[in-house]
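Participant: Just one file: target29.tsv, with TSV, C-alpha atoms and all ligand atoms.
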chain	number	residue	atom	x	y	z
M	637	MET	CA	10.93	16.55	-20.00
M	638	LYS	CA	7.21	16.41	-20.82
M	639	ILE	CA	5.42	13.07	-20.49
M	640	ASN	CA	1.86	11.74	-20.53
M	641	ALA	CA	0.07	11.05	-17.27
M	642	LEU	CA	-3.40	10.67	-15.77
M	643	VAL	CA	-4.07	13.90	-13.95
M	644	ALA	CA	-6.66	14.92	-11.34
M	645	HIS	CA	-7.34	18.64	-11.76
M	646	ASP	CA	-9.66	18.92	-8.78
M	647	ALA	CA	-11.50	16.76	-6.27
M	648	THR	CA	-14.68	16.36	-8.30
M	649	GLN	CA	-13.54	15.87	-11.92
M	650	PRO	CA	-12.45	12.51	-13.37
M	651	LEU	CA	-8.77	11.94	-14.06
M	652	ILE	CA	-7.78	12.91	-17.60
M	653	ALA	CA	-4.74	12.28	-19.79
M	654	ASP	CA	-2.51	15.34	-19.74
M	655	ALA	CA	1.16	16.34	-20.01
M	656	ILE	CA	3.38	16.80	-16.94
M	657	THR	CA	7.03	17.81	-16.68
M	658	LEU	CA	9.53	15.50	-14.97
M	659	ARG	CA	12.66	16.93	-13.38
M	660	ALA	CA	15.98	16.69	-15.21
M	661	LEU	CA	17.99	13.57	-14.38
M	662	GLN	CA	20.19	14.28	-11.33
M	663	PRO	CA	23.53	12.47	-10.73
M	664	HIS	CA	21.92	9.89	-8.40
M	665	ASP	CA	18.65	9.54	-10.33
M	666	VAL	CA	17.33	6.69	-12.40
M	667	LYS	CA	14.81	7.22	-15.16
M	668	ILE	CA	12.21	4.46	-15.31
M	669	ASP	CA	9.81	3.49	-18.10
M	670	ILE	CA	6.74	2.55	-16.09
M	671	LEU	CA	5.24	-0.81	-17.03
M	672	TYR	CA	2.54	-1.25	-14.37
M	673	CYS	CA	1.10	0.88	-11.57
M	674	GLY	CA	-1.28	-0.47	-8.93
M	675	VAL	CA	-4.44	1.44	-7.95
M	676	CYS	CA	-4.31	1.88	-4.16
M	677	HIS	CA	-7.33	3.07	-2.18
M	678	SER	CA	-5.07	5.94	-1.05
M	679	ASP	CA	-5.00	7.13	-4.70
M	680	LEU	CA	-8.78	7.45	-4.54
M	681	HIS	CA	-8.69	9.21	-1.14
M	682	MET	CA	-6.09	11.64	-2.58
M	683	ALA	CA	-7.67	12.22	-6.02
M	684	ARG	CA	-10.92	13.16	-4.21
M	685	ASN	CA	-9.13	15.18	-1.47
M	686	GLU	CA	-10.68	12.99	1.24
M	687	TRP	CA	-7.73	13.65	3.58
M	688	ALA	CA	-7.84	17.42	2.83
M	689	VAL	CA	-4.14	17.53	1.85
M	690	SER	CA	-4.38	17.18	-1.94
M	691	ARG	CA	-2.79	19.80	-4.18
M	692	TYR	CA	-3.81	19.95	-7.83
M	693	PRO	CA	-2.88	19.06	-10.48
M	694	LEU	CA	-2.20	15.64	-8.95
M	695	VAL	CA	-0.96	12.41	-10.57
M	696	PRO	CA	-1.68	9.42	-8.31
M	697	GLY	CA	0.16	6.11	-8.23
M	698	HIS	CA	2.69	4.68	-5.77
M	699	GLU	CA	2.82	1.02	-6.72
M	700	ILE	CA	5.24	1.34	-9.62
M	701	VAL	CA	7.10	-1.34	-11.55
M	702	GLY	CA	9.20	-0.43	-14.54
M	703	ARG	CA	12.42	-0.73	-16.49
M	704	VAL	CA	15.43	1.51	-15.95
M	705	VAL	CA	16.17	3.38	-19.18
M	706	ALA	CA	18.74	5.97	-18.08
M	707	THR	CA	20.93	6.61	-15.05
M	708	GLY	CA	22.64	9.72	-13.67
M	709	ALA	CA	26.44	9.91	-13.73
M	710	GLN	CA	26.86	8.75	-10.12
M	711	VAL	CA	24.30	5.95	-9.98
M	712	SER	CA	25.88	2.74	-8.72
M	713	ARG	CA	22.97	0.45	-7.86
M	714	TYR	CA	21.09	0.19	-11.14
M	715	LYS	CA	21.76	0.08	-14.87
M	716	ALA	CA	19.63	0.39	-17.97
M	717	GLY	CA	17.44	-2.68	-18.44
M	718	ASP	CA	16.98	-3.46	-14.71
M	719	ILE	CA	13.43	-4.15	-13.58
M	720	VAL	CA	12.75	-2.04	-10.50
M	721	GLY	CA	10.04	-0.84	-8.17
M	722	VAL	CA	9.09	2.47	-6.53
M	723	GLY	CA	6.65	2.68	-3.64
M	724	VAL	CA	5.17	5.46	-1.54
M	725	MET	CA	8.39	7.40	-0.80
M	726	VAL	CA	10.91	8.96	-3.18
M	727	ASP	CA	13.11	10.74	-0.62
M	728	ALA	CA	13.49	11.69	3.06
M	729	CYS	CA	15.75	13.98	5.12
M	730	ARG	CA	18.34	11.18	5.48
M	731	GLU	CA	19.69	12.71	8.71
M	732	CYS	CA	17.14	12.29	11.48
M	733	HIS	CA	17.06	9.41	13.96
M	734	PHE	CA	14.55	7.45	11.90
M	735	CYS	CA	16.33	7.93	8.57
M	736	GLN	CA	19.61	6.89	10.23
M	737	GLN	CA	18.07	3.64	11.40
M	738	GLN	CA	16.49	2.88	8.03
M	739	GLU	CA	12.94	3.79	8.99
M	740	GLU	CA	12.48	6.63	6.50
M	741	GLN	CA	8.71	6.18	6.63
M	742	TYR	CA	8.87	7.89	10.05
M	743	CYS	CA	11.32	10.63	8.94
M	744	GLU	CA	10.98	13.52	11.41
M	745	ALA	CA	10.94	16.00	8.53
M	746	GLY	CA	8.31	13.92	6.71
M	747	PHE	CA	9.31	11.70	3.80
M	748	THR	CA	8.87	12.97	0.25
M	749	ALA	CA	5.77	11.24	-1.05
M	750	THR	CA	5.88	9.74	-4.55
M	751	TYR	CA	3.01	12.02	-5.49
M	752	ASN	CA	1.56	15.20	-3.99
M	753	GLY	CA	4.93	15.67	-2.27
M	754	ILE	CA	7.39	18.52	-2.78
M	755	ASP	CA	10.25	17.61	-5.11
M	756	LYS	CA	13.55	18.54	-3.37
M	757	TYR	CA	15.15	19.62	-6.63
M	758	THR	CA	12.40	21.61	-8.34
M	759	GLY	CA	10.18	22.72	-5.47
M	760	ASP	CA	7.31	21.56	-7.67
M	761	SER	CA	4.95	18.65	-6.94
M	762	THR	CA	6.08	15.07	-7.20
M	763	TRP	CA	4.19	13.05	-9.82
M	764	GLY	CA	3.00	9.48	-9.29
M	765	GLY	CA	2.98	6.35	-11.37
M	766	TYR	CA	-0.18	6.81	-13.46
M	767	ALA	CA	2.30	8.03	-16.07
M	768	GLN	CA	4.71	6.85	-18.75
M	769	HIS	CA	7.92	7.52	-16.83
M	770	THR	CA	9.31	8.57	-13.49
M	771	ILE	CA	12.67	9.87	-12.26
M	772	VAL	CA	13.68	8.77	-8.74
M	773	ASN	CA	16.82	8.91	-6.59
M	774	GLU	CA	18.41	5.44	-6.62
M	775	ASP	CA	18.22	5.11	-2.81
M	776	PHE	CA	14.42	4.98	-3.07
M	777	VAL	CA	14.33	2.39	-5.85
M	778	VAL	CA	14.13	-1.36	-5.14
M	779	SER	CA	15.04	-4.43	-7.20
M	780	VAL	CA	12.31	-6.74	-8.44
M	781	PRO	CA	12.99	-10.52	-8.30
M	782	GLY	CA	13.21	-11.97	-11.80
M	783	ASN	CA	10.75	-14.83	-11.34
M	784	LEU	CA	7.51	-12.93	-10.64
M	785	PRO	CA	4.81	-11.67	-13.08
M	786	LEU	CA	5.27	-7.89	-13.07
M	787	SER	CA	1.60	-6.84	-13.03
M	788	GLY	CA	1.22	-8.77	-9.75
M	789	VAL	CA	4.41	-7.26	-8.33
M	790	ALA	CA	3.22	-3.63	-8.59
M	791	PRO	CA	0.79	-3.84	-5.61
M	792	LEU	CA	3.56	-5.20	-3.40
M	793	LEU	CA	5.18	-1.75	-3.44
M	794	CYS	CA	2.45	-0.26	-1.21
M	795	ALA	CA	-0.16	-2.87	-0.25
M	796	GLY	CA	2.47	-5.57	0.26
M	797	VAL	CA	4.94	-3.63	2.37
M	798	THR	CA	2.24	-1.87	4.41
M	799	VAL	CA	1.10	-5.20	5.84
M	800	TRP	CA	4.57	-6.81	5.82
M	801	SER	CA	5.97	-4.07	8.08
M	802	PRO	CA	3.61	-4.64	11.07
M	803	LEU	CA	3.75	-8.43	10.66
M	804	ARG	CA	7.54	-8.22	11.02
M	805	HIS	CA	7.68	-5.35	13.52
M	806	PHE	CA	5.30	-7.11	15.90
M	807	ASN	CA	7.17	-10.42	15.45
M	808	VAL	CA	4.46	-12.54	13.92
M	809	LYS	CA	5.82	-16.07	13.67
M	810	ALA	CA	4.79	-19.55	12.63
M	811	GLY	CA	1.87	-20.81	14.68
M	812	ASP	CA	0.60	-17.34	15.69
M	813	ASN	CA	-3.08	-16.60	15.24
M	814	VAL	CA	-3.40	-13.55	12.96
M	815	GLY	CA	-6.61	-11.76	12.07
M	816	VAL	CA	-7.00	-9.68	8.91
M	817	VAL	CA	-9.93	-7.27	8.57
M	818	GLY	CA	-11.16	-6.48	5.03
M	819	LEU	CA	-10.28	-8.46	1.90
M	820	GLY	CA	-9.18	-5.64	-0.41
M	821	GLY	CA	-5.76	-4.76	-1.79
M	822	LEU	CA	-3.99	-4.59	1.58
M	823	GLY	CA	-6.06	-7.30	3.21
M	824	HIS	CA	-5.47	-9.94	0.56
M	825	MET	CA	-1.70	-9.30	0.78
M	826	ALA	CA	-1.90	-9.62	4.57
M	827	VAL	CA	-3.61	-13.01	4.19
M	828	LYS	CA	-0.97	-14.19	1.72
M	829	LEU	CA	2.06	-12.90	3.64
M	830	ALA	CA	0.92	-13.94	7.13
M	831	SER	CA	0.06	-17.44	5.96
M	832	ALA	CA	3.42	-17.71	4.12
M	833	MET	CA	5.07	-16.79	7.45
M	834	GLY	CA	3.34	-19.82	8.96
M	835	ALA	CA	0.63	-17.98	10.89
M	836	GLU	CA	-2.92	-19.30	11.12
M	837	VAL	CA	-5.03	-16.60	9.50
M	838	THR	CA	-8.61	-15.57	10.27
M	839	LEU	CA	-10.19	-13.21	7.74
M	840	PHE	CA	-12.95	-10.84	8.88
M	841	THR	CA	-15.07	-9.64	5.98
M	842	THR	CA	-18.31	-7.80	5.33
M	843	SER	CA	-18.59	-9.73	2.03
M	844	PRO	CA	-19.58	-13.38	2.66
M	845	GLU	CA	-18.96	-14.23	-1.01
M	846	LYS	CA	-15.22	-13.53	-0.53
M	847	GLY	CA	-14.88	-16.48	1.88
M	848	GLU	CA	-13.86	-19.01	-0.76
M	849	ASP	CA	-11.19	-16.69	-2.16
M	850	ALA	CA	-9.89	-15.98	1.35
M	851	ARG	CA	-9.31	-19.69	1.92
M	852	ARG	CA	-7.60	-20.03	-1.46
M	853	LEU	CA	-5.33	-17.07	-0.53
M	854	GLY	CA	-4.33	-18.79	2.72
M	855	ALA	CA	-6.92	-18.06	5.43
M	856	SER	CA	-7.84	-20.98	7.70
M	857	ASN	CA	-10.95	-19.28	9.08
M	858	VAL	CA	-13.41	-16.78	7.65
M	859	VAL	CA	-15.67	-14.69	9.89
M	860	VAL	CA	-18.48	-12.58	8.47
M	861	SER	CA	-18.09	-9.51	10.67
M	862	ARG	CA	-21.78	-8.47	10.46
M	863	ASP	CA	-22.80	-11.85	11.91
M	864	ALA	CA	-22.78	-11.49	15.72
M	865	ALA	CA	-22.75	-15.27	16.28
M	866	GLN	CA	-19.68	-15.73	14.10
M	867	MET	CA	-17.95	-12.83	15.88
M	868	ALA	CA	-18.79	-14.34	19.27
M	869	ALA	CA	-17.31	-17.68	18.18
M	870	ALA	CA	-14.01	-15.90	17.40
M	871	ARG	CA	-13.68	-14.37	20.92
M	872	THR	CA	-10.16	-14.33	22.45
M	873	SER	CA	-8.64	-16.34	19.61
M	874	LEU	CA	-6.06	-13.98	18.04
M	875	ASP	CA	-2.58	-12.67	18.83
M	876	VAL	CA	-2.47	-9.84	16.27
M	877	ILE	CA	-5.06	-8.28	13.97
M	878	ILE	CA	-4.18	-6.19	10.90
M	879	ASP	CA	-7.17	-3.93	10.18
M	880	CYS	CA	-7.11	-2.97	6.48
M	881	VAL	CA	-10.54	-1.32	6.21
M	882	SER	CA	-10.78	1.98	4.32
M	883	ALA	CA	-13.94	3.21	6.11
M	884	PRO	CA	-14.73	4.13	9.75
M	885	HIS	CA	-16.07	1.22	11.80
M	886	ASP	CA	-16.53	-0.05	15.35
M	887	LEU	CA	-13.26	-1.45	16.73
M	888	ASN	CA	-14.79	-3.01	19.88
M	889	PRO	CA	-15.90	-6.30	18.25
M	890	TYR	CA	-12.31	-6.82	17.02
M	891	LEU	CA	-10.78	-6.09	20.45
M	892	ALA	CA	-13.03	-8.85	21.79
M	893	THR	CA	-11.42	-11.36	19.41
M	894	LEU	CA	-7.90	-10.70	20.79
M	895	LYS	CA	-6.25	-12.95	23.35
M	896	THR	CA	-4.86	-11.28	26.50
M	897	ASN	CA	-1.77	-9.26	25.40
M	898	GLY	CA	-3.18	-9.11	21.87
M	899	ARG	CA	-2.68	-6.20	19.50
M	900	LEU	CA	-4.96	-4.53	16.97
M	901	VAL	CA	-2.88	-2.85	14.24
M	902	LEU	CA	-4.66	-0.21	12.17
M	903	VAL	CA	-3.39	0.41	8.65
M	904	GLY	CA	-6.58	1.73	7.00
M	905	ILE	CA	-6.88	5.53	6.96
M	906	PRO	CA	-10.59	6.34	6.78
M	907	GLU	CA	-11.89	9.69	5.63
M	908	SER	CA	-13.41	10.31	9.10
M	909	PRO	CA	-12.29	8.77	12.42
M	910	HIS	CA	-13.32	5.44	13.91
M	911	LEU	CA	-15.53	5.72	16.97
M	912	ALA	CA	-13.29	5.76	20.09
M	913	PRO	CA	-13.10	2.18	21.39
M	914	ASP	CA	-14.02	1.10	24.93
M	915	VAL	CA	-10.78	1.08	26.94
M	916	THR	CA	-11.97	-1.14	29.78
M	917	PRO	CA	-11.29	-4.50	28.05
M	918	MET	CA	-7.95	-3.09	26.95
M	919	VAL	CA	-7.01	-2.49	30.59
M	920	PHE	CA	-8.19	-5.84	31.93
M	921	ARG	CA	-6.65	-7.90	29.11
M	922	ARG	CA	-3.54	-5.76	28.43
M	923	LEU	CA	-4.59	-5.11	24.82
M	924	SER	CA	-2.84	-2.66	22.50
M	925	ILE	CA	-3.96	-0.65	19.52
M	926	SER	CA	-1.24	0.47	17.10
M	927	GLY	CA	-1.10	2.18	13.75
M	928	THR	CA	1.66	1.74	11.21
M	929	SER	CA	2.66	3.64	8.11
M	930	ILE	CA	3.82	1.82	4.94
M	931	GLY	CA	7.31	0.32	5.38
M	932	SER	CA	10.93	1.34	4.92
M	933	ILE	CA	12.96	0.89	1.74
M	934	LYS	CA	14.84	-1.95	3.46
M	935	GLU	CA	11.56	-3.63	4.46
M	936	THR	CA	10.29	-3.19	0.91
M	937	GLN	CA	13.34	-4.96	-0.49
M	938	ASP	CA	13.12	-7.71	2.18
M	939	MET	CA	9.42	-8.22	1.37
M	940	LEU	CA	10.12	-8.40	-2.40
M	941	ASN	CA	12.88	-10.95	-1.79
M	942	PHE	CA	10.52	-12.99	0.42
M	943	CYS	CA	7.85	-12.84	-2.30
M	944	GLY	CA	10.43	-13.97	-4.87
M	945	GLU	CA	11.37	-16.95	-2.69
M	946	HIS	CA	7.75	-17.90	-1.99
M	947	GLY	CA	6.34	-17.06	-5.43
M	948	ILE	CA	3.92	-14.47	-3.97
M	949	THR	CA	2.29	-11.69	-6.00
M	950	ALA	CA	-0.99	-9.81	-5.75
M	951	ASP	CA	-4.17	-11.11	-7.43
M	952	VAL	CA	-4.77	-8.40	-9.99
M	953	GLU	CA	-7.22	-7.15	-12.59
M	954	VAL	CA	-5.16	-5.40	-15.26
M	955	ILE	CA	-6.79	-2.33	-16.84
M	956	ALA	CA	-5.88	0.41	-19.30
M	957	GLY	CA	-5.44	3.85	-17.77
M	958	GLU	CA	-8.65	5.22	-19.30
M	959	CYS	CA	-10.62	2.76	-17.11
M	960	VAL	CA	-9.30	4.11	-13.83
M	961	GLU	CA	-12.48	5.99	-12.86
M	962	ASN	CA	-14.45	2.78	-13.26
M	963	ALA	CA	-11.85	1.03	-11.10
M	964	PHE	CA	-12.29	3.74	-8.42
M	965	SER	CA	-16.09	3.22	-8.38
M	966	ARG	CA	-15.77	-0.54	-8.20
M	967	MET	CA	-13.23	-0.20	-5.40
M	968	LEU	CA	-15.74	1.89	-3.44
M	969	GLN	CA	-18.28	-0.91	-3.80
M	970	GLY	CA	-15.73	-3.47	-2.54
M	971	ASP	CA	-15.80	-5.00	-6.05
M	972	VAL	CA	-12.10	-5.61	-6.62
M	973	LYS	CA	-10.28	-8.93	-6.81
M	974	TYR	CA	-7.99	-7.86	-5.32
M	975	ARG	CA	-6.09	-4.99	-6.89
M	976	PHE	CA	-6.56	-3.01	-10.09
M	977	VAL	CA	-3.28	-2.48	-11.92
M	978	ILE	CA	-2.82	-0.06	-14.81
M	979	ASP	CA	-0.95	-1.42	-17.84
M	980	ILE	CA	0.85	1.73	-18.92
M	981	ALA	CA	1.75	0.39	-22.40
M	982	ALA	CA	-1.94	-0.39	-23.05
M	983	THR	CA	-3.06	3.13	-22.05
M	984	ARG	CA	-4.33	5.62	-24.67
M	985	TRP	CA	-3.14	9.13	-23.88
M	986	ALA	CA	-4.89	11.09	-26.63
V	1001	LIG	P1	-9.55	-1.58	-0.76
V	1001	LIG	O1	-8.85	-2.45	-1.76
V	1001	LIG	O2	-10.66	-0.71	-1.19
V	1001	LIG	O3	-10.03	-2.56	0.45
V	1001	LIG	C1	-10.71	-2.11	1.56
V	1001	LIG	C2	-11.57	-3.25	2.12
V	1001	LIG	O4	-12.17	-2.82	3.33
V	1001	LIG	C3	-12.74	-3.63	1.24
V	1001	LIG	O5	-12.40	-4.56	0.23
V	1001	LIG	C4	-13.74	-4.24	2.23
V	1001	LIG	O6	-13.38	-5.59	2.52
V	1001	LIG	C5	-13.45	-3.42	3.48
V	1001	LIG	N1	-14.44	-2.35	3.64
V	1001	LIG	C6	-14.67	-1.31	2.80
V	1001	LIG	N2	-15.65	-0.51	3.29
V	1001	LIG	C7	-16.00	-1.05	4.46
V	1001	LIG	C8	-16.95	-0.68	5.47
V	1001	LIG	N3	-17.73	0.42	5.33
V	1001	LIG	N4	-17.05	-1.46	6.56
V	1001	LIG	C9	-16.29	-2.55	6.71
V	1001	LIG	N5	-15.40	-2.96	5.78
V	1001	LIG	C10	-15.26	-2.21	4.69
V	1001	LIG	O7	-8.50	-0.60	-0.06
V	1001	LIG	P2	-6.90	-0.78	0.15
V	1001	LIG	O8	-6.19	-0.21	-1.04
V	1001	LIG	O9	-6.61	-2.14	0.62
V	1001	LIG	O10	-6.64	0.29	1.32
V	1001	LIG	C11	-7.26	0.11	2.59
V	1001	LIG	C12	-7.00	1.33	3.46
V	1001	LIG	O11	-5.61	1.38	3.81
V	1001	LIG	C13	-7.28	2.68	2.77
V	1001	LIG	O12	-7.85	3.55	3.72
V	1001	LIG	C14	-5.90	3.16	2.36
V	1001	LIG	O13	-5.82	4.55	2.21
V	1001	LIG	C15	-5.10	2.68	3.55
V	1001	LIG	N6	-3.65	2.55	3.32
V	1001	LIG	C16	-2.83	2.80	4.39
V	1001	LIG	C17	-1.47	2.64	4.27
V	1001	LIG	C18	-0.59	2.87	5.46
V	1001	LIG	O14	0.58	3.19	5.29
V	1001	LIG	N7	-1.07	2.66	6.67
V	1001	LIG	C19	-0.92	2.25	3.04
V	1001	LIG	C20	-1.79	1.97	1.98
V	1001	LIG	C21	-3.15	2.13	2.12
V	1001	LIG	P3	-14.51	-6.74	2.76
V	1001	LIG	O15	-15.35	-6.73	1.54
V	1001	LIG	O16	-13.70	-7.98	2.94
V	1001	LIG	O17	-15.24	-6.35	4.01
V	1002	ZN	ZN	-0.95	2.89	-1.24
V	1003	ZN	ZN	14.57	11.87	8.26
What would the structure in this file look like if it were written as structure tokens?

Facilitator:
Amino acid sequence: MKINALVAHDATQPLIADAITLRALQPHDVKIDILYCGVCHSDLHMARNEWAVSRYPLVPGHEIVGRVVATGAQVSRYKAGDIVGVGVMVDACRECHFCQQQEEQYCEAGFTATYNGIDKYTGDSTWGGYAQHTIVNEDFVVSVPGNLPLSGVAPLLCAGVTVWSPLRHFNVKAGDNVGVVGLGGLGHMAVKLASAMGAEVTLFTTSPEKGEDARRLGASNVVVSRDAAQMAAARTSLDVIIDCVSAPHDLNPYLATLKTNGRLVLVGIPESPHLAPDVTPMVFRRLSISGTSIGSIKETQDMLNFCGEHGITADVEVIAGECVENAFSRMLQGDVKYRFVIDIAATRWA
């Protein structure tokens, strides 16, 4: 089935509207009319081949919210009319240790990515959510709570779960002191989710003008990271830091803000590596550095349910698909409050 999508044809050309072919509906597949798709910084890294793994043509988009319009003969979880979400994964091996324990994001065979992956059925590329429709196996589809505005739900499917997963995995609880580095798509969700969990949140930002928003989103403290005095005042104050920065930077000043036994969790994936940090303070204060990759399907559903209960969505700027290149440039300048989301119905494909 041919559909309209926004397609990157190489690393240097803007995305253009073009036709792609979706696979035929398999017995366990649901067909989804896409309503909204968030614009993740990973989409920009991938469209521009910044991680050197992009294959073209490429259709970005892994923060998908839509309506089920058709189901394969053996689908049991969803029916036409359901509002559902699809995140970064659309399949995995289902057999390895990690798949068996519902951590498909660490599948030993590598999960099938929503875009730029290899479709198990066709052998062709998988196509992302900057498109009118998608077809996904029901096991990789999640239910969206009925009480949330859907444009603000879309970013939860990647940005939301990517920060939810480490907050949960590393047992952040009420009263903990949590740092968040970078107030972008991921960072603003980390501030919202950690504060809803009862943590006291400190935001580190390179953009002093974001301080007021950070407090409105739930941060108790705001530290301008380029101000050495403010960084010094935050020394040894935090249990866990979630670093959401998309560019390489010095990790040492953040290690200094951790309490003994503290942990710096990296979720940003910069184009080139961070400078290796100084290990000596890590040894003497038993510090850890971790990285984590998105979150499982179960974590995604848990996070959406939590957001439904707490009335949490992303702060979004809704755009038509033809404005995505402008959104990419503004994202690069840190000018996003705090996630661009494509309104698929408002997009002109001609
Ligand atoms: P984003 O919306 O562009 O936000 C990134 C933020 O980082 C900016 O708003 C800015 O915050 C800060 N920043 C940018 N350049 C900086 C620099 N040179 N120095 C210091 N701070 C800088 O990006 P995003 O969509 O949240 O994604 C963030 C990163 O996470 C990307 O690399 C993305 O690929 C990655 N990611 C990883 C996973 C995973 O599974 N681990 C999942 C999704 C995305 P301030 O203005 O507040 O400083
Ligand atoms: Zn993403
Ligand atoms: Zn597996």

Participant: Show me, as CSV, the residues of chain M having an atom within 12 Å of ligand ZN 1002 (chain V), each with the closest atom pair and its distance in Å, using all atoms listed in the file.

Facilitator:
residue,atom,partner,partner_atom,distance
M:Cys673,CA,V:ZN1002,ZN,10.7
M:Gly674,CA,V:ZN1002,ZN,8.4
M:Val675,CA,V:ZN1002,ZN,7.7
M:Cys676,CA,V:ZN1002,ZN,4.6
M:His677,CA,V:ZN1002,ZN,6.5
M:Ser678,CA,V:ZN1002,ZN,5.1
M:Asp679,CA,V:ZN1002,ZN,6.8
M:Leu680,CA,V:ZN1002,ZN,9.6
M:His681,CA,V:ZN1002,ZN,10.0
M:Met682,CA,V:ZN1002,ZN,10.2
M:Pro696,CA,V:ZN1002,ZN,9.7
M:Gly697,CA,V:ZN1002,ZN,7.8
M:His698,CA,V:ZN1002,ZN,6.1
M:Glu699,CA,V:ZN1002,ZN,6.9
M:Ile700,CA,V:ZN1002,ZN,10.5
M:Val722,CA,V:ZN1002,ZN,11.4
M:Gly723,CA,V:ZN1002,ZN,8.0
M:Val724,CA,V:ZN1002,ZN,6.6
M:Met725,CA,V:ZN1002,ZN,10.4
M:Ala749,CA,V:ZN1002,ZN,10.7
M:Thr750,CA,V:ZN1002,ZN,10.2
M:Tyr751,CA,V:ZN1002,ZN,10.8
M:Gly764,CA,V:ZN1002,ZN,11.1
M:Gly765,CA,V:ZN1002,ZN,11.4
M:Ala790,CA,V:ZN1002,ZN,10.7
M:Pro791,CA,V:ZN1002,ZN,8.2
M:Leu792,CA,V:ZN1002,ZN,9.5
M:Leu793,CA,V:ZN1002,ZN,8.0
M:Cys794,CA,V:ZN1002,ZN,4.6
M:Ala795,CA,V:ZN1002,ZN,5.9
M:Gly796,CA,V:ZN1002,ZN,9.2
M:Val797,CA,V:ZN1002,ZN,9.5
M:Thr798,CA,V:ZN1002,ZN,8.0
M:Val799,CA,V:ZN1002,ZN,10.9
M:Gly820,CA,V:ZN1002,ZN,11.9
M:Gly821,CA,V:ZN1002,ZN,9.1
M:Leu822,CA,V:ZN1002,ZN,8.6
M:Cys880,CA,V:ZN1002,ZN,11.5
M:Ser882,CA,V:ZN1002,ZN,11.3
M:Val903,CA,V:ZN1002,ZN,10.5
M:Gly904,CA,V:ZN1002,ZN,10.0
M:Ile905,CA,V:ZN1002,ZN,10.5
M:Ser929,CA,V:ZN1002,ZN,10.1
M:Ile930,CA,V:ZN1002,ZN,7.9
M:Gly931,CA,V:ZN1002,ZN,10.9
M:Arg975,CA,V:ZN1002,ZN,11.0

Participant: So what do you get for atom CA of Asn813 of chain M versus atom CA of Leu887 of chain M, distance-wise?

Facilitator: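 Going from atom CA of Asn813 of chain M over to atom CA of Leu887 of chain M, I get 18.3 Å.
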
Participant: Show which residues sit within 9 Å of segment 909-924 of chain M, as a list in words. Count only C-alpha atoms, and ignore same-chain residues fewer than 6 positions away.

Facilitator: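 Here the qualifying residues turn out to be Ala883, Pro884, His885, Asp886, Leu887, Asn888, Leu891, Ala892, Leu894, Lys895, Thr896, Asn897, Gly898, Arg899, Leu900 and Val901 of chain M.
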
Participant: Tell me, as a PyMOL selection string, which residues lie within 10 Å of Pro844 of chain M, counting all atoms listed in the file; anything in the same chain fewer than 6 positions away does not count.

Facilitator: chain M and resi 858-863

Participant: Which residues are close to segment 768-784 of chain M, i.e. within 6 Å by only C-alpha atoms, leaving aside same-chain residues fewer than 6 positions away? Reply as a ChimeraX atom specification.

Facilitator: /M:640,664-670,719-722,726,937,944

Participant: Give me, please, the distance in Å between atom CA of Ala956 of chain M and atom CA of Ile639 of chain M, quoted to one decimal.

Facilitator: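 Taking atom CA of Ala956 of chain M and atom CA of Ile639 of chain M, their separation equals 17.0 Å.
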
Participant: Once you count all atoms listed in the file, which residues end up within 6 Å of ligand ZN 1003 (chain V), and could you hand them over as an MDAnalysis selection string?

Facilitator: chainID M and resid 728:732 734:735 740 743:745

Participant: Please, what is the axis-aligned box for every listed atom of ligand LIG 1001 (chain V) with 4 Å on each side, as centre and edge lengths in Å to one decimal, as JSON?

Facilitator:
{"center_x": -8.6, "center_y": -1.7, "center_z": 2.5, "size_x": 26.3, "size_y": 20.5, "size_z": 16.5}
